[in-house]
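Colleague: Input structure: work.cif, which contains mmCIF, C-alpha atoms and all ligand atoms; chains and numbers go by the auth columns.
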data_work
#
loop_
_atom_site.group_PDB
_atom_site.id
_atom_site.type_symbol
_atom_site.label_atom_id
_atom_site.label_comp_id
_atom_site.label_asym_id
_atom_site.label_seq_id
_atom_site.Cartn_x
_atom_site.Cartn_y
_atom_site.Cartn_z
_atom_site.B_iso_or_equiv
_atom_site.auth_seq_id
_atom_site.auth_asym_id
ATOM 1 C CA MET A 1 15.105 0.645 -8.324 0.00 480 F
ATOM 2 C CA LEU A 2 12.714 2.139 -5.793 0.00 481 F
ATOM 3 C CA ILE A 3 12.031 0.252 -2.553 0.00 482 F
ATOM 4 C CA ALA A 4 8.503 0.917 -1.287 0.00 483 F
ATOM 5 C CA GLY A 5 8.838 1.294 2.484 0.00 484 F
ATOM 6 C CA ALA A 6 11.750 2.383 4.650 0.00 485 F
ATOM 7 C CA GLY A 7 11.538 0.142 7.712 0.00 486 F
ATOM 8 C CA GLY A 8 13.117 -3.159 8.741 0.00 487 F
ATOM 9 C CA HIS A 9 11.994 -5.262 5.804 0.00 488 F
ATOM 10 C CA ALA A 10 12.977 -2.509 3.364 0.00 489 F
ATOM 11 C CA ILE A 11 16.615 -2.512 4.518 0.00 490 F
ATOM 12 C CA GLU A 12 16.696 -6.305 4.101 0.00 491 F
ATOM 13 C CA ILE A 13 15.415 -5.880 0.538 0.00 492 F
ATOM 14 C CA LEU A 14 18.187 -3.298 0.030 0.00 493 F
ATOM 15 C CA ASP A 15 20.815 -5.892 0.964 0.00 494 F
ATOM 16 C CA ILE A 16 19.398 -8.244 -1.659 0.00 495 F
ATOM 17 C CA LEU A 17 19.290 -5.570 -4.377 0.00 496 F
ATOM 18 C CA LEU A 18 22.895 -4.628 -3.619 0.00 497 F
ATOM 19 C CA GLU A 19 23.922 -8.127 -4.687 0.00 498 F
ATOM 20 C CA GLU A 20 23.352 -6.878 -8.259 0.00 499 F
ATOM 21 C CA ILE A 21 22.457 -3.185 -8.496 0.00 500 F
ATOM 22 C CA PRO A 22 24.828 -0.229 -7.891 0.00 501 F
ATOM 23 C CA LYS A 23 23.954 1.878 -4.845 0.00 502 F
ATOM 24 C CA GLU A 24 23.355 5.048 -6.841 0.00 503 F
ATOM 25 C CA GLN A 25 20.449 3.366 -8.646 0.00 504 F
ATOM 26 C CA ILE A 26 18.501 2.666 -5.424 0.00 505 F
ATOM 27 C CA ALA A 27 16.138 4.883 -3.393 0.00 506 F
ATOM 28 C CA PHE A 28 13.278 4.336 -0.947 0.00 507 F
ATOM 29 C CA PHE A 29 9.727 5.660 -0.797 0.00 508 F
ATOM 30 C CA ASP A 30 7.956 6.240 2.511 0.00 509 F
ATOM 31 C CA ASP A 31 5.389 8.984 3.148 0.00 510 F
ATOM 32 C CA ILE A 32 4.395 7.779 6.624 0.00 511 F
ATOM 33 C CA SER A 33 7.588 7.981 8.716 0.00 512 F
ATOM 34 C CA ASP A 34 9.991 10.910 9.193 0.00 513 F
ATOM 35 C CA VAL A 35 12.942 8.967 7.786 0.00 514 F
ATOM 36 C CA GLN A 36 14.714 11.072 5.117 0.00 515 F
ATOM 37 C CA ILE A 37 17.830 9.019 4.436 0.00 516 F
ATOM 38 C CA ILE A 38 18.883 5.399 5.017 0.00 517 F
ATOM 39 C CA HIS A 39 22.425 4.332 5.977 0.00 518 F
ATOM 40 C CA ASN A 40 23.486 7.987 5.483 0.00 519 F
ATOM 41 C CA TYR A 41 23.312 7.422 1.729 0.00 520 F
ATOM 42 C CA PHE A 42 20.006 6.294 0.230 0.00 521 F
ATOM 43 C CA PRO A 43 17.342 9.014 -0.222 0.00 522 F
ATOM 44 C CA VAL A 44 13.769 8.413 0.952 0.00 523 F
ATOM 45 C CA LEU A 45 11.271 9.900 -1.504 0.00 524 F
ATOM 46 C CA LYS A 46 8.282 11.450 0.191 0.00 525 F
ATOM 47 C CA ASN A 47 5.524 12.072 -2.328 0.00 526 F
ATOM 48 C CA GLU A 48 3.988 11.201 -5.686 0.00 527 F
ATOM 49 C CA LEU A 49 5.827 13.981 -7.514 0.00 528 F
ATOM 50 C CA GLU A 50 9.256 12.752 -6.370 0.00 529 F
ATOM 51 C CA VAL A 51 8.330 9.162 -7.214 0.00 530 F
ATOM 52 C CA ARG A 52 7.107 10.072 -10.705 0.00 531 F
ATOM 53 C CA LYS A 53 10.408 11.934 -11.314 0.00 532 F
ATOM 54 C CA TRP A 54 12.382 8.889 -10.161 0.00 533 F
ATOM 55 C CA PHE A 55 10.282 6.600 -12.389 0.00 534 F
ATOM 56 C CA ALA A 56 11.107 8.765 -15.436 0.00 535 F
ATOM 57 C CA THR A 57 14.580 7.154 -15.429 0.00 536 F
ATOM 58 C CA TYR A 58 13.562 3.630 -14.371 0.00 537 F
ATOM 59 C CA ASN A 59 10.114 2.632 -13.177 0.00 538 F
ATOM 60 C CA GLY A 60 10.878 -0.659 -11.423 0.00 539 F
ATOM 61 C CA PHE A 61 9.991 -0.925 -7.740 0.00 540 F
ATOM 62 C CA SER A 62 10.242 -3.568 -5.001 0.00 541 F
ATOM 63 C CA LEU A 63 7.945 -3.986 -2.033 0.00 542 F
ATOM 64 C CA GLY A 64 9.859 -3.167 1.147 0.00 543 F
ATOM 65 C CA VAL A 65 7.079 -4.134 3.536 0.00 544 F
ATOM 66 C CA GLY A 66 6.119 -7.612 4.706 0.00 545 F
ATOM 67 C CA ALA A 67 2.521 -7.257 5.884 0.00 546 F
ATOM 68 C CA VAL A 68 0.068 -8.500 3.292 0.00 547 F
ATOM 69 C CA ALA A 69 -2.285 -5.489 3.494 0.00 548 F
ATOM 70 C CA SER A 70 0.571 -2.985 3.193 0.00 549 F
ATOM 71 C CA ARG A 71 2.011 -4.861 0.221 0.00 550 F
ATOM 72 C CA LYS A 72 -1.320 -4.604 -1.579 0.00 551 F
ATOM 73 C CA ILE A 73 -1.727 -0.892 -0.884 0.00 552 F
ATOM 74 C CA LEU A 74 1.821 0.034 -1.928 0.00 553 F
ATOM 75 C CA HIS A 75 1.573 -2.117 -5.044 0.00 554 F
ATOM 76 C CA GLN A 76 -1.618 -0.346 -6.037 0.00 555 F
ATOM 77 C CA ARG A 77 -0.265 3.170 -5.303 0.00 556 F
ATOM 78 C CA LEU A 78 3.084 2.842 -7.021 0.00 557 F
ATOM 79 C CA THR A 79 1.556 1.110 -10.043 0.00 558 F
ATOM 80 C CA SER A 80 -0.920 3.975 -10.397 0.00 559 F
ATOM 81 C CA TRP A 81 2.062 6.399 -10.372 0.00 560 F
ATOM 82 C CA GLY A 82 3.638 4.605 -13.344 0.00 561 F
ATOM 83 C CA GLY A 83 5.747 2.015 -11.512 0.00 562 F
ATOM 84 C CA LYS A 84 6.201 -1.639 -12.362 0.00 563 F
ATOM 85 C CA LEU A 85 6.644 -4.227 -9.623 0.00 564 F
ATOM 86 C CA VAL A 86 9.842 -6.241 -9.956 0.00 565 F
ATOM 87 C CA GLY A 87 10.460 -9.230 -7.681 0.00 566 F
ATOM 88 C CA VAL A 88 13.802 -9.596 -5.902 0.00 567 F
ATOM 89 C CA ARG A 89 15.826 -12.810 -6.146 0.00 568 F
ATOM 90 C CA SER A 90 18.681 -13.289 -3.731 0.00 569 F
ATOM 91 C CA LYS A 91 21.684 -15.071 -5.166 0.00 570 F
ATOM 92 C CA THR A 92 21.915 -16.889 -1.837 0.00 571 F
ATOM 93 C CA SER A 93 18.554 -18.614 -2.410 0.00 572 F
ATOM 94 C CA VAL A 94 18.264 -22.115 -3.837 0.00 573 F
ATOM 95 C CA VAL A 95 15.477 -22.344 -6.393 0.00 574 F
ATOM 96 C CA SER A 96 14.733 -25.399 -8.523 0.00 575 F
ATOM 97 C CA GLU A 97 14.769 -24.802 -12.248 0.00 576 F
ATOM 98 C CA PHE A 98 11.385 -26.553 -12.186 0.00 577 F
ATOM 99 C CA ALA A 99 9.813 -24.129 -9.714 0.00 578 F
ATOM 100 C CA VAL A 100 7.291 -21.650 -11.141 0.00 579 F
ATOM 101 C CA LEU A 101 7.798 -18.194 -9.694 0.00 580 F
ATOM 102 C CA ASP A 102 5.778 -15.160 -10.674 0.00 581 F
ATOM 103 C CA LYS A 103 8.224 -12.444 -11.791 0.00 582 F
ATOM 104 C CA THR A 104 6.851 -10.146 -9.092 0.00 583 F
ATOM 105 C CA SER A 105 7.448 -12.531 -6.197 0.00 584 F
ATOM 106 C CA ASP A 106 10.265 -11.847 -3.718 0.00 585 F
ATOM 107 C CA ILE A 107 12.747 -14.599 -2.902 0.00 586 F
ATOM 108 C CA CYS A 108 14.907 -13.464 0.009 0.00 587 F
ATOM 109 C CA LYS A 109 18.245 -14.658 1.308 0.00 588 F
ATOM 110 C CA GLN A 110 18.725 -18.355 2.114 0.00 589 F
ATOM 111 C CA VAL A 111 15.280 -19.330 0.802 0.00 590 F
ATOM 112 C CA PHE A 112 14.697 -22.810 -0.652 0.00 591 F
ATOM 113 C CA VAL A 113 12.069 -23.344 -3.364 0.00 592 F
ATOM 114 C CA SER A 114 11.740 -26.907 -4.579 0.00 593 F
ATOM 115 C CA SER A 115 10.769 -28.543 -7.832 0.00 594 F
ATOM 116 C CA LEU A 116 7.212 -27.909 -9.089 0.00 595 F
ATOM 117 C CA ALA A 117 6.524 -25.436 -6.301 0.00 596 F
ATOM 118 C CA GLU A 118 4.601 -22.313 -7.377 0.00 597 F
ATOM 119 C CA VAL A 119 4.746 -18.777 -5.975 0.00 598 F
ATOM 120 C CA GLY A 120 2.190 -16.134 -6.973 0.00 599 F
ATOM 121 C CA LEU A 121 1.998 -12.436 -7.748 0.00 600 F
ATOM 122 C CA ALA A 122 3.679 -10.054 -5.286 0.00 601 F
ATOM 123 C CA THR A 123 4.146 -12.848 -2.753 0.00 602 F
ATOM 124 C CA LEU A 124 7.025 -12.623 -0.301 0.00 603 F
ATOM 125 C CA ILE A 125 9.115 -15.659 0.579 0.00 604 F
ATOM 126 C CA ASN A 126 11.119 -14.220 3.448 0.00 605 F
ATOM 127 C CA THR A 127 14.594 -15.094 4.718 0.00 606 F
ATOM 128 C CA GLY A 128 15.300 -18.786 5.198 0.00 607 F
ATOM 129 C CA ALA A 129 11.768 -19.987 4.390 0.00 608 F
ATOM 130 C CA LYS A 130 11.406 -23.354 2.678 0.00 609 F
ATOM 131 C CA ILE A 131 8.803 -24.144 0.023 0.00 610 F
ATOM 132 C CA HIS A 132 8.895 -27.836 -0.767 0.00 611 F
ATOM 133 C CA HIS A 133 7.874 -29.752 -3.888 0.00 612 F
ATOM 134 C CA HIS A 134 4.376 -29.161 -5.319 0.00 613 F
ATOM 135 C CA ALA A 135 3.595 -26.483 -2.714 0.00 614 F
ATOM 136 C CA VAL A 136 1.514 -23.658 -4.195 0.00 615 F
ATOM 137 C CA VAL A 137 1.491 -20.171 -2.663 0.00 616 F
ATOM 138 C CA GLY A 138 -1.111 -17.702 -3.957 0.00 617 F
ATOM 139 C CA ASN A 139 -0.973 -13.969 -4.608 0.00 618 F
ATOM 140 C CA PHE A 140 0.013 -11.276 -2.061 0.00 619 F
ATOM 141 C CA CYS A 141 1.021 -13.816 0.573 0.00 620 F
ATOM 142 C CA GLU A 142 3.801 -13.567 3.126 0.00 621 F
ATOM 143 C CA ILE A 143 5.796 -16.646 4.070 0.00 622 F
ATOM 144 C CA SER A 144 7.757 -15.337 7.046 0.00 623 F
ATOM 145 C CA PRO A 145 11.380 -16.029 7.989 0.00 624 F
ATOM 146 C CA GLY A 146 12.171 -19.669 8.617 0.00 625 F
ATOM 147 C CA ALA A 147 8.650 -20.951 7.879 0.00 626 F
ATOM 148 C CA THR A 148 8.369 -24.317 6.138 0.00 627 F
ATOM 149 C CA LEU A 149 5.691 -25.429 3.691 0.00 628 F
ATOM 150 C CA LEU A 150 6.083 -29.166 3.166 0.00 629 F
ATOM 151 C CA GLY A 151 5.284 -31.052 -0.041 0.00 630 F
ATOM 152 C CA GLY A 152 1.943 -30.373 -1.696 0.00 631 F
ATOM 153 C CA VAL A 153 0.821 -27.613 0.676 0.00 632 F
ATOM 154 C CA SER A 154 -1.376 -24.866 -0.743 0.00 633 F
ATOM 155 C CA VAL A 155 -1.752 -21.360 0.658 0.00 634 F
ATOM 156 C CA GLY A 156 -4.586 -19.119 -0.569 0.00 635 F
ATOM 157 C CA ASP A 157 -4.310 -15.489 -1.626 0.00 636 F
ATOM 158 C CA GLU A 158 -3.431 -12.840 0.965 0.00 637 F
ATOM 159 C CA SER A 159 -2.547 -15.326 3.670 0.00 638 F
ATOM 160 C CA ALA A 160 0.454 -14.985 5.989 0.00 639 F
ATOM 161 C CA ILE A 161 2.452 -17.832 7.497 0.00 640 F
ATOM 162 C CA GLY A 162 4.320 -16.712 10.659 0.00 641 F
ATOM 163 C CA ALA A 163 8.020 -17.036 11.349 0.00 642 F
ATOM 164 C CA GLY A 164 9.175 -20.608 11.918 0.00 643 F
ATOM 165 C CA ALA A 165 5.707 -22.105 11.364 0.00 644 F
ATOM 166 C CA ILE A 166 5.491 -25.541 9.762 0.00 645 F
ATOM 167 C CA VAL A 167 2.662 -26.608 7.487 0.00 646 F
ATOM 168 C CA LEU A 168 2.484 -30.398 7.161 0.00 647 F
ATOM 169 C CA PRO A 169 2.356 -32.154 3.759 0.00 648 F
ATOM 170 C CA LYS A 170 -0.695 -31.681 1.510 0.00 649 F
ATOM 171 C CA ILE A 171 -2.400 -29.285 3.926 0.00 650 F
ATOM 172 C CA SER A 172 -4.573 -26.691 2.243 0.00 651 F
ATOM 173 C CA ILE A 173 -4.939 -23.200 3.746 0.00 652 F
ATOM 174 C CA CYS A 174 -7.622 -20.931 2.294 0.00 653 F
ATOM 175 C CA ALA A 175 -7.338 -17.222 1.479 0.00 654 F
ATOM 176 C CA HIS A 176 -7.096 -14.542 4.206 0.00 655 F
ATOM 177 C CA VAL A 177 -5.591 -16.715 6.923 0.00 656 F
ATOM 178 C CA ILE A 178 -2.887 -15.687 9.428 0.00 657 F
ATOM 179 C CA ILE A 179 -0.785 -18.451 10.931 0.00 658 F
ATOM 180 C CA GLY A 180 1.103 -17.406 14.092 0.00 659 F
ATOM 181 C CA ALA A 181 4.838 -17.664 14.563 0.00 660 F
ATOM 182 C CA GLY A 182 5.955 -21.168 15.498 0.00 661 F
ATOM 183 C CA ALA A 183 2.608 -22.813 14.740 0.00 662 F
ATOM 184 C CA ILE A 184 2.356 -26.319 13.367 0.00 663 F
ATOM 185 C CA VAL A 185 -0.549 -26.690 10.976 0.00 664 F
ATOM 186 C CA THR A 186 -1.721 -30.301 11.010 0.00 665 F
ATOM 187 C CA GLN A 187 -5.168 -29.962 9.404 0.00 666 F
ATOM 188 C CA SER A 188 -6.442 -28.107 6.374 0.00 667 F
ATOM 189 C CA ILE A 189 -7.974 -24.679 7.048 0.00 668 F
ATOM 190 C CA ALA A 190 -11.111 -23.701 5.152 0.00 669 F
ATOM 191 C CA GLU A 191 -12.173 -20.685 7.228 0.00 670 F
ATOM 192 C CA SER A 192 -10.318 -17.364 7.159 0.00 671 F
ATOM 193 C CA GLY A 193 -8.980 -16.190 10.533 0.00 672 F
ATOM 194 C CA THR A 194 -5.958 -16.320 12.836 0.00 673 F
ATOM 195 C CA TYR A 195 -4.526 -19.663 13.945 0.00 674 F
ATOM 196 C CA VAL A 196 -1.733 -20.315 16.473 0.00 675 F
ATOM 197 C CA GLY A 197 -0.042 -23.139 18.358 0.00 676 F
ATOM 198 C CA ASN A 198 0.703 -26.835 17.957 0.00 677 F
ATOM 199 C CA PRO A 199 -1.505 -28.192 16.592 0.00 678 F
ATOM 200 C CA ALA A 200 -2.704 -24.856 15.199 0.00 679 F
ATOM 201 C CA TRP A 201 -6.135 -23.711 16.427 0.00 680 F
ATOM 202 C CA ARG A 202 -8.281 -20.738 15.547 0.00 681 F
ATOM 203 C CA ILE A 203 -8.132 -17.791 17.988 0.00 682 F
ATOM 204 C CA ARG A 204 -10.321 -15.437 15.917 0.00 683 F
HETATM 205 C C1 LIG B . -0.727 -14.870 15.602 0.00 701 P
HETATM 206 C C2 LIG B . -0.537 -13.395 15.739 0.00 701 P
HETATM 207 C C3 LIG B . -0.779 -12.699 14.392 0.00 701 P
HETATM 208 C C4 LIG B . -1.569 -12.912 16.745 0.00 701 P
HETATM 209 O O1 LIG B . -1.400 -11.562 16.956 0.00 701 P
HETATM 210 P P1 LIG B . -2.576 -10.778 17.730 0.00 701 P
HETATM 211 O O2 LIG B . -3.804 -10.839 16.887 0.00 701 P
HETATM 212 O O3 LIG B . -2.039 -9.418 18.063 0.00 701 P
HETATM 213 O O4 LIG B . -2.865 -11.660 18.988 0.00 701 P
HETATM 214 P P2 LIG B . -2.477 -11.442 20.528 0.00 701 P
HETATM 215 O O5 LIG B . -1.039 -11.037 20.660 0.00 701 P
HETATM 216 O O6 LIG B . -3.523 -10.557 21.100 0.00 701 P
HETATM 217 O O7 LIG B . -2.630 -12.898 21.131 0.00 701 P
HETATM 218 C C5 LIG B . -3.869 -13.543 21.263 0.00 701 P
HETATM 219 C C6 LIG B . -3.631 -14.842 22.010 0.00 701 P
HETATM 220 O O8 LIG B . -2.902 -15.736 21.160 0.00 701 P
HETATM 221 C C7 LIG B . -1.646 -16.096 21.787 0.00 701 P
HETATM 222 N N1 LIG B . -0.638 -16.095 20.731 0.00 701 P
HETATM 223 C C8 LIG B . -0.320 -15.059 19.915 0.00 701 P
HETATM 224 N N2 LIG B . 0.616 -15.431 19.034 0.00 701 P
HETATM 225 C C9 LIG B . 0.885 -16.720 19.312 0.00 701 P
HETATM 226 C C10 LIG B . 1.769 -17.633 18.729 0.00 701 P
HETATM 227 N N3 LIG B . 2.539 -17.291 17.677 0.00 701 P
HETATM 228 N N4 LIG B . 1.807 -18.881 19.231 0.00 701 P
HETATM 229 C C11 LIG B . 1.019 -19.242 20.293 0.00 701 P
HETATM 230 N N5 LIG B . 0.152 -18.399 20.866 0.00 701 P
HETATM 231 C C12 LIG B . 0.093 -17.154 20.397 0.00 701 P
HETATM 232 C C13 LIG B . -1.395 -15.012 22.813 0.00 701 P
HETATM 233 O O9 LIG B . -0.566 -15.483 23.858 0.00 701 P
HETATM 234 C C14 LIG B . -2.788 -14.694 23.273 0.00 701 P
HETATM 235 O O10 LIG B . -3.210 -15.698 24.143 0.00 701 P
HETATM 236 P P3 LIG B . -4.203 -15.373 25.398 0.00 701 P
HETATM 237 O O11 LIG B . -5.473 -14.862 24.745 0.00 701 P
HETATM 238 O O12 LIG B . -4.347 -16.695 26.066 0.00 701 P
HETATM 239 O O13 LIG B . -3.504 -14.327 26.182 0.00 701 P
HETATM 240 C C15 LIG B . 0.901 -13.019 16.201 0.00 701 P
HETATM 241 O O14 LIG B . 1.100 -13.264 17.567 0.00 701 P
HETATM 242 C C16 LIG B . 1.970 -13.762 15.423 0.00 701 P
HETATM 243 O O15 LIG B . 2.430 -14.849 15.763 0.00 701 P
HETATM 244 N N6 LIG B . 2.378 -13.135 14.298 0.00 701 P
HETATM 245 C C17 LIG B . 3.379 -13.635 13.409 0.00 701 P
HETATM 246 C C18 LIG B . 4.581 -12.713 13.488 0.00 701 P
HETATM 247 C C19 LIG B . 5.581 -13.057 12.427 0.00 701 P
HETATM 248 O O16 LIG B . 5.969 -14.188 12.226 0.00 701 P
HETATM 249 N N7 LIG B . 6.008 -12.025 11.715 0.00 701 P
HETATM 250 C C20 LIG B . 6.966 -12.159 10.661 0.00 701 P
HETATM 251 C C21 LIG B . 7.598 -10.825 10.472 0.00 701 P
HETATM 252 S S1 LIG B . 8.832 -10.856 9.247 0.00 701 P
#
Could you quickly redo this structure as structure tokens?
Modeller:
Amino acid sequence: MLIAGAGGHAIEILDILLEEIPKEQIAFFDDISDVQIIHNYFPVLKNELEVRKWFATYNGFSLGVGAVASRKILHQRLTSWGGKLVGVRSKTSVVSEFAVLDKTSDICKQVFVSSLAEVGLATLINTGAKIHHHAVVGNFCEISPGATLLGGVSVGDESAIGAGAIVLPKISICAHVIIGAGAIVTQSIAESGTYVGNPAWRIR
């Protein structure tokens, strides 16, 4: 399995993969930083040629970045090099058998996903986040560590909910919205932009 990215989120994804995959089957890809090796063991591939060689054995990759825009770009690049996005599922997460998760979504450690909740393509549910019943999260979203989406919330494509934020029941958030860390969203949001605070207000 190749982890796209070699920063902080990538090493958290590594910990999840190691719950099930032997170390020798894992490498990273990062052509931006100077990092060559992670934890003195895992190689960091640096270019398309090396990635294509790696994919000749197994072409699955995980997204090791959290930011929505970076996830999209890496997904597009590695897919065009022959890779196939595979979502991670931590064994420490609690997911209802009645939740509907896209196979490419990432469910990190200590996450809770409730009954009839839905999570879209390449969306990241980060450590300790909670997605309650009937909540629907679109494609290429990031639900940051410790954020809570209460029952019936919907989050549009490519939106990011900051760490520890709470979205109250049945609130609808449109596409391309950023919610700041610790915000409490009390009203539906129909205009893309950045919102912070309690109650959340638009800063740009
Ligand atoms: C909301 C956020 C995206 C804004 O970032 P930014 O565009 O760089 O904005 P700035 O830092 O310039 O802040 C703009 C204003 O909003 C305020 N602000 C920023 N984030 C805030 C937050 N989370 N809560 C309350 N106010 C906040 C700033 O104090 C500043 O106020 P001022 O204009 O009165 O000085 C960012 O602060 C944030 O909360 N990101 C989420 C981080 C996160 O959870 N990451 C998860 C990683 S796994």
Colleague: Quick one: distance from atom O5 of ligand LIG 701 (chain P) to CA of His488 (chain F) in Å, one decimal?
Modeller: 20.6 Å
Colleague: Do you have, as a tab-separated table, the list of residues of chain F lying at most 7 Å from ligand LIG 701 (chain P), each with its nearest atom pair and that distance in Å to one decimal, counting all atoms listed in the file and ordered by chain then number?
Modeller:
residue	atom	partner	partner_atom	distance
F:Gly545	CA	P:LIG701	S1	6.2
F:Ser623	CA	P:LIG701	C20	4.9
F:Pro624	CA	P:LIG701	S1	5.9
F:Ile640	CA	P:LIG701	O16	6.9
F:Gly641	CA	P:LIG701	O16	3.4
F:Ala642	CA	P:LIG701	O16	3.6
F:Ile657	CA	P:LIG701	C3	6.2
F:Ile658	CA	P:LIG701	C1	5.9
F:Gly659	CA	P:LIG701	O15	3.3
F:Ala660	CA	P:LIG701	N3	3.9
F:Gly661	CA	P:LIG701	N3	5.6
F:Ala662	CA	P:LIG701	N4	6.0
F:Thr673	CA	P:LIG701	C1	6.1
F:Tyr674	CA	P:LIG701	C1	6.3
F:Val675	CA	P:LIG701	N4	4.7
F:Gly676	CA	P:LIG701	C11	4.5
F:Ile682	CA	P:LIG701	O8	6.5
Colleague: Pull out every residue that the PyMOL selection byres (((chain F and resi 665) around 8) and not hetatm) matches in the shown coordinates and put them as a list in words.
Modeller: Val646, Leu647, Ile650, Ile663, Val664, Gln666, Ser667, Pro678 and Ala679 of chain F
Colleague: Need to verify the contact set: region 494-509 of chain F, 6 Å, all atoms listed in the file, exclusion of same-chain residues closer than 2 positions in sequence. Can you return it as a short mmCIF file (atom, residue, chain, number, x, y, z; two decimals) with C-alpha atoms, in the coordinates of the input?
Modeller:
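File written: out-v9.cif
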data_model
loop_
_atom_site.label_atom_id
_atom_site.label_comp_id
_atom_site.auth_asym_id
_atom_site.auth_seq_id
_atom_site.Cartn_x
_atom_site.Cartn_y
_atom_site.Cartn_z
CA MET F 480 15.10 0.64 -8.32
CA LEU F 481 12.71 2.14 -5.79
CA ILE F 482 12.03 0.25 -2.55
CA ALA F 483 8.50 0.92 -1.29
CA GLY F 484 8.84 1.29 2.48
CA ALA F 485 11.75 2.38 4.65
CA GLU F 491 16.70 -6.30 4.10
CA ILE F 492 15.42 -5.88 0.54
CA ILE F 511 4.39 7.78 6.62
CA PHE F 521 20.01 6.29 0.23
CA PRO F 522 17.34 9.01 -0.22
CA VAL F 523 13.77 8.41 0.95
CA LEU F 524 11.27 9.90 -1.50
CA LYS F 525 8.28 11.45 0.19
CA SER F 569 18.68 -13.29 -3.73
#
Colleague: Got a sec: who's within 8 Å of Leu553 (chain F), counting all atoms listed in the file, leaving out chain neighbours fewer than 4 positions off, as number ranges by chain?
Modeller: F: 483, 542, 549, 557
Colleague: Show me the residues close to (9.2, 2.4, -14.1) - anything with an atom within 7 Å, counting all atoms listed in the file - and format the list as JSON, numbers by chain.
Modeller: {"F": [534, 535, 537, 538, 539, 561, 562, 563]}
Colleague: Padding 8 Å on each side, edges along x, y and z: where is the centre of the box around the listed atoms of region 505-510 of chain F, and how long are its edges in Å to one decimal? Output it as AutoDock Vina command-line options.
Modeller:
--center_x 11.9 --center_y 5.8 --center_z -1.1 --size_x 29.1 --size_y 22.3 --size_z 24.6
Colleague: Under the rule that all atoms listed in the file are counted, which of F:Ala669, F:Ile604, F:Val574, F:Cys653 is the nearest residue to Val592 (chain F)?
Modeller: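 With all atoms listed in the file as the atom set, the closest residue is F:Val574.
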Colleague: Between F:Ser651, F:Leu595, F:Tyr520, F:Gly607, which one has atoms that come closest to Glu576 (chain F), using all atoms listed in the file?
Modeller: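 Using all atoms listed in the file, Glu576 (chain F) sits closest to F:Leu595.
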Colleague: Written as a list in words, what is the full residue list that the PyMOL selection byres (((chain F and resi 601) around 10) and not hetatm) yields on the file shown?
Modeller: Ser541, Leu542, Val547, Arg550, Lys551, His554, Leu564, Val565, Gly566, Asp581, Lys582, Thr583, Ser584, Asp585, Val598, Gly599, Leu600, Thr602, Leu603, Ile604, Gly617, Asn618, Phe619, Cys620, Glu621 and Glu637 of chain F
Colleague: Could you save those same residues with C-alpha atoms as a PDB file, in the frame of the given file?
Modeller:
ATOM      1  CA  SER F 541      10.242  -3.568  -5.001  1.00  0.00           C
ATOM      2  CA  LEU F 542       7.945  -3.986  -2.033  1.00  0.00           C
ATOM      3  CA  VAL F 547       0.068  -8.500   3.292  1.00  0.00           C
ATOM      4  CA  ARG F 550       2.011  -4.861   0.221  1.00  0.00           C
ATOM      5  CA  LYS F 551      -1.320  -4.604  -1.579  1.00  0.00           C
ATOM      6  CA  HIS F 554       1.573  -2.117  -5.044  1.00  0.00           C
ATOM      7  CA  LEU F 564       6.644  -4.227  -9.623  1.00  0.00           C
ATOM      8  CA  VAL F 565       9.842  -6.241  -9.956  1.00  0.00           C
ATOM      9  CA  GLY F 566      10.460  -9.230  -7.681  1.00  0.00           C
ATOM     10  CA  ASP F 581       5.778 -15.160 -10.674  1.00  0.00           C
ATOM     11  CA  LYS F 582       8.224 -12.444 -11.791  1.00  0.00           C
ATOM     12  CA  THR F 583       6.851 -10.146  -9.092  1.00  0.00           C
ATOM     13  CA  SER F 584       7.448 -12.531  -6.197  1.00  0.00           C
ATOM     14  CA  ASP F 585      10.265 -11.847  -3.718  1.00  0.00           C
ATOM     15  CA  VAL F 598       4.746 -18.777  -5.975  1.00  0.00           C
ATOM     16  CA  GLY F 599       2.190 -16.134  -6.973  1.00  0.00           C
ATOM     17  CA  LEU F 600       1.998 -12.436  -7.748  1.00  0.00           C
ATOM     18  CA  THR F 602       4.146 -12.848  -2.753  1.00  0.00           C
ATOM     19  CA  LEU F 603       7.025 -12.623  -0.301  1.00  0.00           C
ATOM     20  CA  ILE F 604       9.115 -15.659   0.579  1.00  0.00           C
ATOM     21  CA  GLY F 617      -1.111 -17.702  -3.957  1.00  0.00           C
ATOM     22  CA  ASN F 618      -0.973 -13.969  -4.608  1.00  0.00           C
ATOM     23  CA  PHE F 619       0.013 -11.276  -2.061  1.00  0.00           C
ATOM     24  CA  CYS F 620       1.021 -13.816   0.573  1.00  0.00           C
ATOM     25  CA  GLU F 621       3.801 -13.567   3.126  1.00  0.00           C
ATOM     26  CA  GLU F 637      -3.431 -12.840   0.965  1.00  0.00           C
TER      27      GLU F 637
END
Colleague: Pick from F:Ala608, F:Gly543, F:Gly486, F:Thr627: nearest to His518 (chain F), with only C-alpha atoms counted?
Modeller: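 Using only C-alpha atoms, the shortest distance to His518 (chain F) belongs to F:Gly486.
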